[in-house]
Amino acid sequence: MKKYNHKKIEKKVQEYWKKNKTFKTKINIKKKKFYCLSMIPYPSGYLHMGHVRNYTIGDIIARYQRLNNKNVLHPIGWDAFGLPAENAAIKNNTSPKKWTKKNIKYMKKQLKKLGISYDWDREINTCKSNFYKWEQWLFIKLFKKKLIYKKKEIVNWCPKDKTVLANEQVINKKCWRCNTTIIEKKISQWFIKITKYANKLYKDINKLKKWPEQVKNMQKKWIGKNKGTEITFNIKDINKKIKIFTKKIKFLIYTECISISKNNKIIKFIEKKNKKTLNYYKKKIDKKNDKYIGIYTKLYTINPITKKKIYIWITNLTNDLYNTEEILITPKYYKSHYNFIKKNKIKKKKITKIEINNIKKKKYKIIKNLFKKKILKKKINFKIKDWVISRQRYWGVPIPIIYINKKYKTIKENELPLKLPKIKNKNFSTNFLKKNLKWKNININNKIKRETDTLDTFFESSWYYMRYTSPEYKKNIFNYKETNYWLPINIYIGGIEHATMHLIYFRFMHKFFKNIGLTKFNEPVKKLICQGIVVSDAYYYKKNNNKIWIPIKMVKKIKKNKKTYFYYKKNNIKLKLAGKIKMSKSKNNGINPKNIIKKYGADTIRLFIIFAAPIEKKLYWNESGIKGCYRFIKKIWNLVINFEKIILIKKNKNIKIDSLDKIKFLLNKTIKDVTYDINRKNNFNTAIAKIMKFTNIISNYKIKNKKEKNTIKKCIKKTIILLYPFIPHISFYLWNKLDNKKIIDNISWPKIYKNNENINFKIKIAIQLNGKTKKIIEIKNNINKKEILKTIYNNKKINNILNKKNKIKKIIYIKNKIINFVTNK
């Protein structure tokens, strides 16, 4: 094959990997283990560029670690239950199972085309009963440990998706998935007592040494540990108490009134007196668009410090720091409280200076006495709330609960798995389980009924990583021996948007497993990598005040008077450029990886997606970058394919030739730098840049004899190994051309030669005066700063330049590059 043909090469290499099961993994105590995992994908139908970036990062790490003689576990699976599958099934008049199965098949094919080195024998699918059987088993375990309960409570309801959402799934009072404004409903739901683990989850964040600081801070803020005081107030006339948490007792002195939410238990006593007003208020507060609204309840309590009356108001004020809905209104300390007092024309209580001074003098005695009377109590408050895990949809894991005369209990473990009923006709609705009386009612008299809610998909993704260690194990949820060989996960890769959802549930479940003796590790992951999003230009026009987003391929660009205008190819409507935003289906600005692979190859898209930006930063999509990466791959191809045809040059004084010693030195430096960038810093883009730079050097080297040709061949071989994690197909193929004794998958990562630093060759150093280059000199590469200065001071021309100025303040030396003399100007 003379010309680079990515289609033939990639197909051939992928077939080899499949046939030889190159990436199949098993326990090997002779090797160090390495568990590399990307977050489990949802089978949406096709891979987008965010997927490509995530899985390429994981694959680079997995391949690098294998070359370093590690026993690497690199699995994949499918988070297959959930709303999108059900909604798509309803829309397309099919079943969620068929829709999901079709998508998995297609996405699996795409992943294989990208050359991701998964152990496909460990593939899991959360909608298969051999997986969710153990999820139901886990539910039963949590239930028996009294960590699962059912309660009628106000919950977040998405009117579009017709299901409950956990607090973590509500972003700015909108559904995390469909962006619909949520409403509040009081219904009976299943909860996990994640609050019981709140302190442990918070405390152990400090042990996550290799997690991004941003993620750790987000988790700390979400869990929200606050030390403070709980105040118990006796409400007059109705003989009820109200408890309020505050971080500072001094706020109590300046409290003007108490704010309670419309969901407070006291409301039912107020409703009897003023039901019409309350209903009006509740409707108003549900709109969420009116600040500082409130209703006076005509109830009051006594301030235990000032002995003055504190009136109780229902308001839409909350304390986001503590996630509490009952708060002290203290306008002295909060501007929002001041605005509330002002808007509602609440008269401020007059506290004289004498009263304040008396309170301050007796402050400690008063507070001590209040603690004795148990009016005050020290308390640690957590912002996090219990995790609501039930969903009112069909396509999810059936909850293993039965009801007997309105009492409930779990089904027996030997009855697992409890399977979903099959959909015989294509027409089904979201409440399919409730309507399916044959499945719902267990006995003839209908006294024993099944739970018709299903589990939230975040339940599946909170423990799936454990099942990868022993996916076919039938005796338990996983094999203890195998799990504890592979755990903890060495590197976990996913988006930062999961910081306060998946990653908190994930850590909670791991701690539960440790508590019941199924793992010996305290945390599931050593190192977390959060890749940045992929963004591209998005275009739209407005129709009836709605934005109509146009696919990139349908956009026509026209330049007029140095300005660029955009038009819709279909009907020539003028378009607006929304800027570079996250690739998504809704914005029609996604690029299908399939088209790029077809045109340029999997290696090209892999190289671009990693080279274009640091992995934690945004990646700006541009086709010119793809073309540049394609040119580099062809350059590598030509270097290897044409290497044997190189004609040795005759000695010629006019030809400048780098010394072979310099090439050896630069090879060593490249190996050293690339290893550091991949292994320590995860700076894959700079690693590629360094390999490219060295490739250019060896490509331009003028070979004089057979000895030099052999040395350059060794350099090329080591460069191919360095490139293998990034562009594995062409690296595999070219390695076989250079050395067919061993396949590249069985080769070790290049070693650094320690004595390489002592190789002598000449390098150019810039002599600068106050940052401006005055002279370029040639010196030996391995001489130190003292010897360089000696050479400089012995040079009359340079000394003349330096002496014209004032005294030298300091000397800045950048090894093998610059020496800068800073003087008093």
# chains A, B, ... in the order shown; residues from 1 in each chain; ligands from 1
call {"tool": "residues_around", "arguments": {"residues": "A:Trp735", "least_positions_apart": "3", "cutoff": "7 Å", "atoms": "only C-alpha atoms", "output": "list in words"}}
result
Lys717, Ile720, Ser731, Phe732, Leu738, Asp739 and Ile744 of chain A
call {"tool": "closest_residue", "arguments": {"among": "A:Gly495, A:Gly82, A:Gly115, A:Pro488", "to": "A:Ile727", "atoms": "only C-alpha atoms"}}
result
A:Gly115
call {"tool": "closest_atom_pairs", "arguments": {"of": "stretch 45-140 of chain A", "to": "stretch 747-753 of chain A", "cutoff": "8 Å", "atoms": "only C-alpha atoms", "output": "Markdown table"}}
result
| residue | atom | partner | partner_atom | distance |
| --- | --- | --- | --- | --- |
| A:Tyr64 | CA | A:Trp749 | CA | 7.7 |
| A:Leu67 | CA | A:Ser748 | CA | 4.7 |
| A:Asn68 | CA | A:Trp749 | CA | 5.7 |
| A:Asn69 | CA | A:Ser748 | CA | 6.9 |
call {"tool": "residues_around", "arguments": {"residues": "A:Lys345", "least_positions_apart": "5", "cutoff": "12 Å", "atoms": "only C-alpha atoms", "output": "compact mmCIF listing (two decimals) with N, CA, C and O atoms, in the first residue's frame"}}
result
# COMPACT_ATOMS: atom_id res chain seq x y z
N GLU A 256 -36.89 40.46 63.44
CA GLU A 256 -38.13 41.23 63.32
C GLU A 256 -39.35 40.32 63.24
O GLU A 256 -40.41 40.63 63.76
N TYR A 292 -40.21 38.77 47.62
CA TYR A 292 -40.56 39.37 48.92
C TYR A 292 -42.06 39.39 49.21
O TYR A 292 -42.56 40.27 49.89
N ILE A 293 -42.81 38.41 48.66
CA ILE A 293 -44.23 38.37 49.01
C ILE A 293 -44.42 37.61 50.31
O ILE A 293 -43.62 36.72 50.64
N GLY A 294 -45.45 37.94 51.04
CA GLY A 294 -45.67 37.30 52.32
C GLY A 294 -47.09 37.46 52.81
O GLY A 294 -47.84 38.31 52.34
N ILE A 295 -47.46 36.60 53.76
CA ILE A 295 -48.79 36.71 54.36
C ILE A 295 -48.65 36.58 55.88
O ILE A 295 -47.96 35.70 56.37
N TYR A 296 -49.31 37.48 56.56
CA TYR A 296 -49.24 37.51 58.03
C TYR A 296 -50.20 36.45 58.59
O TYR A 296 -51.38 36.42 58.25
N TYR A 338 -34.39 43.03 54.60
CA TYR A 338 -34.74 44.45 54.69
C TYR A 338 -35.81 44.80 53.64
O TYR A 338 -36.79 45.49 53.92
N ASN A 339 -35.60 44.28 52.41
CA ASN A 339 -36.57 44.53 51.33
C ASN A 339 -37.93 43.92 51.64
O ASN A 339 -38.97 44.50 51.30
N PHE A 340 -37.92 42.75 52.27
CA PHE A 340 -39.18 42.09 52.64
C PHE A 340 -39.94 42.93 53.67
O PHE A 340 -41.14 43.16 53.54
call {"tool": "atom_distance", "arguments": {"atom1": "atom CA of A:Lys520", "atom2": "atom CA of A:Trp137"}}
result
20.2 Å
call {"tool": "closest_residue", "arguments": {"among": "A:Phe665, A:Tyr676, A:Tyr568, A:Tyr480", "to": "A:Lys762", "atoms": "only C-alpha atoms"}}
result
A:Phe665
call {"tool": "closest_residue", "arguments": {"among": "A:Lys32, A:Lys225, A:Arg450, A:Lys669", "to": "A:Tyr197", "atoms": "only C-alpha atoms"}}
result
A:Lys225
call {"tool": "atom_distance", "arguments": {"atom1": "atom CA of A:Leu802", "atom2": "atom CA of A:Glu778"}}
result
18.6 Å
call {"tool": "residues_around", "arguments": {"residues": "A:Ile380", "least_positions_apart": "4", "cutoff": "12 Å", "atoms": "only C-alpha atoms", "output": "list in words"}}
result
Thr195, Ala198, Asn199, Ile223, Gly224, Lys225, Asn226, Lys227, Gly228, Thr229, Glu230, Phe245, Thr246, Lys247 and Tyr322 of chain A
call {"tool": "atom_distance", "arguments": {"atom1": "atom CA of A:Ile716", "atom2": "atom CA of A:Leu639"}}
result
8.4 Å
call {"tool": "residues_around", "arguments": {"residues": "A:Thr410", "least_positions_apart": "2", "cutoff": "9 Å", "atoms": "only C-alpha atoms", "output": "VMD selection string"}}
result
chain A and resid 139 to 140 143 to 144 399 to 403 408 412 to 413
call {"tool": "closest_residue", "arguments": {"among": "A:Ile730, A:Pro551, A:Leu317, A:Tyr106", "to": "A:Tyr567", "atoms": "only C-alpha atoms"}}
result
A:Pro551
call {"tool": "residues_around", "arguments": {"residues": "A:Lys332", "least_positions_apart": "5", "cutoff": "12 Å", "atoms": "only C-alpha atoms", "output": "list in words"}}
result
Lys250, Phe251, Leu252, Ile253, Tyr254, Thr255, Glu256, His337, Tyr338, Asn339, Ile341, Lys348 and Lys349 of chain A
call {"tool": "residues_around", "arguments": {"residues": "A:Glu325", "least_positions_apart": "6", "cutoff": "7 Å", "atoms": "only C-alpha atoms", "output": "mmCIF file with all heavy atoms, in the first residue's frame"}}
result
data_model
loop_
_atom_site.group_PDB
_atom_site.id
_atom_site.type_symbol
_atom_site.label_atom_id
_atom_site.label_comp_id
_atom_site.auth_asym_id
_atom_site.auth_seq_id
_atom_site.Cartn_x
_atom_site.Cartn_y
_atom_site.Cartn_z
ATOM 1 N N ILE A 260 -41.894 31.271 57.607
ATOM 2 C CA ILE A 260 -42.085 29.826 57.380
ATOM 3 C C ILE A 260 -42.549 29.634 55.944
ATOM 4 O O ILE A 260 -43.091 30.542 55.321
ATOM 5 C CB ILE A 260 -43.087 29.191 58.376
ATOM 6 C CG1 ILE A 260 -44.482 29.815 58.198
ATOM 7 C CG2 ILE A 260 -42.601 29.305 59.808
ATOM 8 C CD1 ILE A 260 -45.576 29.098 58.969
ATOM 9 N N SER A 261 -42.333 28.426 55.402
ATOM 10 C CA SER A 261 -42.748 28.164 54.023
ATOM 11 C C SER A 261 -44.217 27.763 53.991
ATOM 12 O O SER A 261 -44.804 27.407 55.018
ATOM 13 C CB SER A 261 -41.900 27.038 53.424
ATOM 14 O OG SER A 261 -42.319 25.796 53.939
ATOM 15 N N THR A 318 -36.011 31.832 51.564
ATOM 16 C CA THR A 318 -35.363 30.615 52.086
ATOM 17 C C THR A 318 -33.904 30.928 52.346
ATOM 18 O O THR A 318 -33.383 31.940 51.895
ATOM 19 C CB THR A 318 -35.436 29.444 51.072
ATOM 20 O OG1 THR A 318 -34.828 29.866 49.854
ATOM 21 C CG2 THR A 318 -36.855 28.994 50.819
ATOM 22 N N ASN A 319 -33.249 30.018 53.057
ATOM 23 C CA ASN A 319 -31.810 30.162 53.249
ATOM 24 C C ASN A 319 -31.114 29.089 52.431
ATOM 25 O O ASN A 319 -31.117 27.911 52.795
ATOM 26 C CB ASN A 319 -31.437 30.027 54.730
ATOM 27 C CG ASN A 319 -30.014 30.473 54.982
ATOM 28 O OD1 ASN A 319 -29.110 30.168 54.214
ATOM 29 N ND2 ASN A 319 -29.817 31.213 56.057
#
call {"tool": "closest_residue", "arguments": {"among": "A:Lys447, A:Lys216, A:Lys146, A:Arg467", "to": "A:Tyr132", "atoms": "only C-alpha atoms"}}
result
A:Arg467
call {"tool": "closest_residue", "arguments": {"among": "A:Thr675, A:Asn642, A:Asn20, A:Asn685", "to": "A:Ala612", "atoms": "only C-alpha atoms"}}
result
A:Asn685
call {"tool": "select_by_dssp", "arguments": {"residues": "stretch 65-281 of chain A", "states": "helix (DSSP H, G or I)", "output": "VMD selection string"}}
result
chain A and resid 65 to 67 83 to 91 96 to 113 120 to 122 129 to 144 167 to 169 194 to 207 213 to 223 250 to 253 267 to 281
